[in-house]
Amino acid sequence: MTDTPLSNIEQQILNTLPAGRSQAITLEKLAYLLQINKKRVSNIVADLRKRGYLIGSNRQAHGGMYLIVTSNEFWETVNTLQKSVNSQQTIINALLKHEERFARV
(Lines give C-alpha, C1' and ligand atoms only; values in the text may rest on other atoms or scores of the structure.)
Protein backbone atom coordinates (compact mmCIF):
# COMPACT_ATOMS: atom_id res chain seq x y z
CA MET A 1 0.00 0.00 0.00
CA THR A 2 1.15 3.51 -0.68
CA ASP A 3 1.19 6.53 1.59
CA THR A 4 -1.30 8.24 -0.70
CA PRO A 5 -4.39 9.09 1.33
CA LEU A 6 -7.59 7.37 0.30
CA SER A 7 -10.36 9.37 -1.29
CA ASN A 8 -13.80 9.20 0.27
CA ILE A 9 -15.08 6.77 -2.38
CA GLU A 10 -12.00 4.55 -2.07
CA GLN A 11 -12.53 4.33 1.67
CA GLN A 12 -16.22 3.58 1.14
CA ILE A 13 -15.34 0.73 -1.21
CA LEU A 14 -12.87 -0.76 1.26
CA ASN A 15 -15.42 -0.41 4.05
CA THR A 16 -18.12 -2.07 1.95
CA LEU A 17 -16.11 -5.02 0.66
CA PRO A 18 -16.69 -8.08 2.84
CA ALA A 19 -13.85 -9.99 4.44
CA GLY A 20 -13.22 -13.34 2.78
CA ARG A 21 -14.10 -15.11 -0.43
CA SER A 22 -17.16 -16.82 1.02
CA GLN A 23 -18.78 -13.39 1.49
CA ALA A 24 -17.81 -11.98 -1.94
CA ILE A 25 -20.00 -9.20 -3.32
CA THR A 26 -20.74 -8.68 -7.00
CA LEU A 27 -19.65 -5.59 -8.87
CA GLU A 28 -23.30 -4.80 -9.52
CA LYS A 29 -24.22 -4.95 -5.84
CA LEU A 30 -21.21 -2.90 -4.80
CA ALA A 31 -22.09 -0.23 -7.37
CA TYR A 32 -25.71 -0.22 -6.19
CA LEU A 33 -24.74 0.12 -2.52
CA LEU A 34 -22.37 3.00 -3.27
CA GLN A 35 -24.71 4.65 -5.78
CA ILE A 36 -22.06 4.83 -8.52
CA ASN A 37 -21.75 3.05 -11.86
CA LYS A 38 -20.04 -0.31 -12.29
CA LYS A 39 -17.27 1.08 -14.50
CA ARG A 40 -16.24 3.57 -11.82
CA VAL A 41 -16.23 0.87 -9.13
CA SER A 42 -14.16 -1.39 -11.38
CA ASN A 43 -11.64 1.38 -12.08
CA ILE A 44 -11.31 2.32 -8.41
CA VAL A 45 -10.89 -1.31 -7.34
CA ALA A 46 -8.22 -1.81 -10.02
CA ASP A 47 -6.39 1.28 -8.77
CA LEU A 48 -6.59 0.11 -5.15
CA ARG A 49 -5.18 -3.28 -6.15
CA LYS A 50 -2.32 -1.58 -8.03
CA ARG A 51 -1.56 0.31 -4.84
CA GLY A 52 -1.32 -2.94 -2.89
CA TYR A 53 -4.71 -3.26 -1.24
CA LEU A 54 -5.65 -6.89 -0.69
CA ILE A 55 -8.75 -7.15 -2.83
CA GLY A 56 -9.53 -10.54 -4.28
CA SER A 57 -12.09 -11.57 -6.85
CA ASN A 58 -13.87 -14.75 -7.72
CA ARG A 59 -14.84 -14.87 -11.39
CA GLN A 60 -16.90 -18.04 -11.12
CA ALA A 61 -20.69 -18.08 -11.05
CA HIS A 62 -22.00 -16.18 -8.04
CA GLY A 63 -18.53 -14.72 -7.55
CA GLY A 64 -17.54 -11.24 -6.64
CA MET A 65 -14.96 -9.13 -4.84
CA TYR A 66 -13.76 -9.33 -1.27
CA LEU A 67 -10.96 -8.39 1.08
CA ILE A 68 -8.33 -11.12 1.16
CA VAL A 69 -7.95 -12.56 4.66
CA THR A 70 -6.41 -16.01 4.21
CA SER A 71 -3.28 -17.38 2.63
CA ASN A 72 -5.41 -19.48 0.28
CA GLU A 73 -7.34 -16.41 -0.92
CA PHE A 74 -4.08 -14.53 -1.42
CA TRP A 75 -2.47 -17.26 -3.53
CA GLU A 76 -5.66 -17.93 -5.51
CA THR A 77 -5.72 -14.24 -6.44
CA VAL A 78 -2.03 -14.15 -7.35
CA ASN A 79 -2.32 -17.35 -9.41
CA THR A 80 -5.43 -16.12 -11.24
CA LEU A 81 -3.73 -12.85 -12.14
CA GLN A 82 -0.56 -14.68 -13.21
CA LYS A 83 -2.57 -16.94 -15.54
CA SER A 84 -4.14 -13.85 -17.09
CA VAL A 85 -0.72 -12.25 -17.61
CA ASN A 86 0.64 -15.46 -19.14
CA SER A 87 -2.33 -15.71 -21.50
CA GLN A 88 -1.91 -12.11 -22.63
CA GLN A 89 1.83 -12.66 -23.15
CA THR A 90 1.09 -15.68 -25.34
CA ILE A 91 -1.20 -13.52 -27.49
CA ILE A 92 1.42 -10.75 -27.73
CA ASN A 93 4.09 -13.25 -28.75
CA ALA A 94 1.81 -14.68 -31.46
CA LEU A 95 1.04 -11.20 -32.82
CA LEU A 96 4.70 -10.20 -32.81
CA LYS A 97 5.46 -12.97 -35.29
CA HIS A 98 3.92 -10.60 -37.83
CA GLU A 99 5.62 -7.38 -36.72
CA GLU A 100 7.84 -7.12 -39.79
CA ARG A 101 4.69 -6.46 -41.84
CA PHE A 102 3.89 -3.33 -39.86
CA ALA A 103 6.13 -0.31 -39.52
CA ARG A 104 6.12 1.50 -36.19
CA VAL A 105 4.88 5.05 -36.42
# chains A, B, ... in the order shown; residues from 1 in each chain; ligands from 1
call {"tool": "residues_around", "arguments": {"residues": "A:Asp47", "least_positions_apart": "2", "cutoff": "12 Å", "atoms": "only C-alpha atoms", "output": "ChimeraX atom specification"}}
result
/A:1-2,4,6-7,10,13,40-45,49-55
call {"tool": "residues_around", "arguments": {"residues": "stretch 77-92 of chain A", "least_positions_apart": "6", "cutoff": "10 Å", "atoms": "only C-alpha atoms", "output": "PyMOL selection string"}}
result
chain A and resi 54-59+68+71
call {"tool": "select_by_dssp", "arguments": {"residues": "stretch 11-93 of chain A", "states": "helix (DSSP H, G or I)", "output": "ChimeraX atom specification"}}
result
/A:11-16,21-23,27-34,38-50,71-93
call {"tool": "select_by_dssp", "arguments": {"residues": "chain A", "states": "strand (DSSP E)", "output": "PyMOL selection string"}}
result
chain A and resi 55-58+64-67
call {"tool": "closest_residue", "arguments": {"among": "A:Ala46, A:Met65, A:Ala94, A:Ile9", "to": "A:Lys29", "atoms": "only C-alpha atoms"}}
result
A:Met65
call {"tool": "closest_residue", "arguments": {"among": "A:His62, A:Asp3, A:Ala103, A:Leu67", "to": "A:Thr16", "atoms": "only C-alpha atoms"}}
result
A:Leu67
call {"tool": "atom_distance", "arguments": {"atom1": "atom CA of A:Thr70", "atom2": "atom CA of A:Lys39"}}
result
27.6 Å
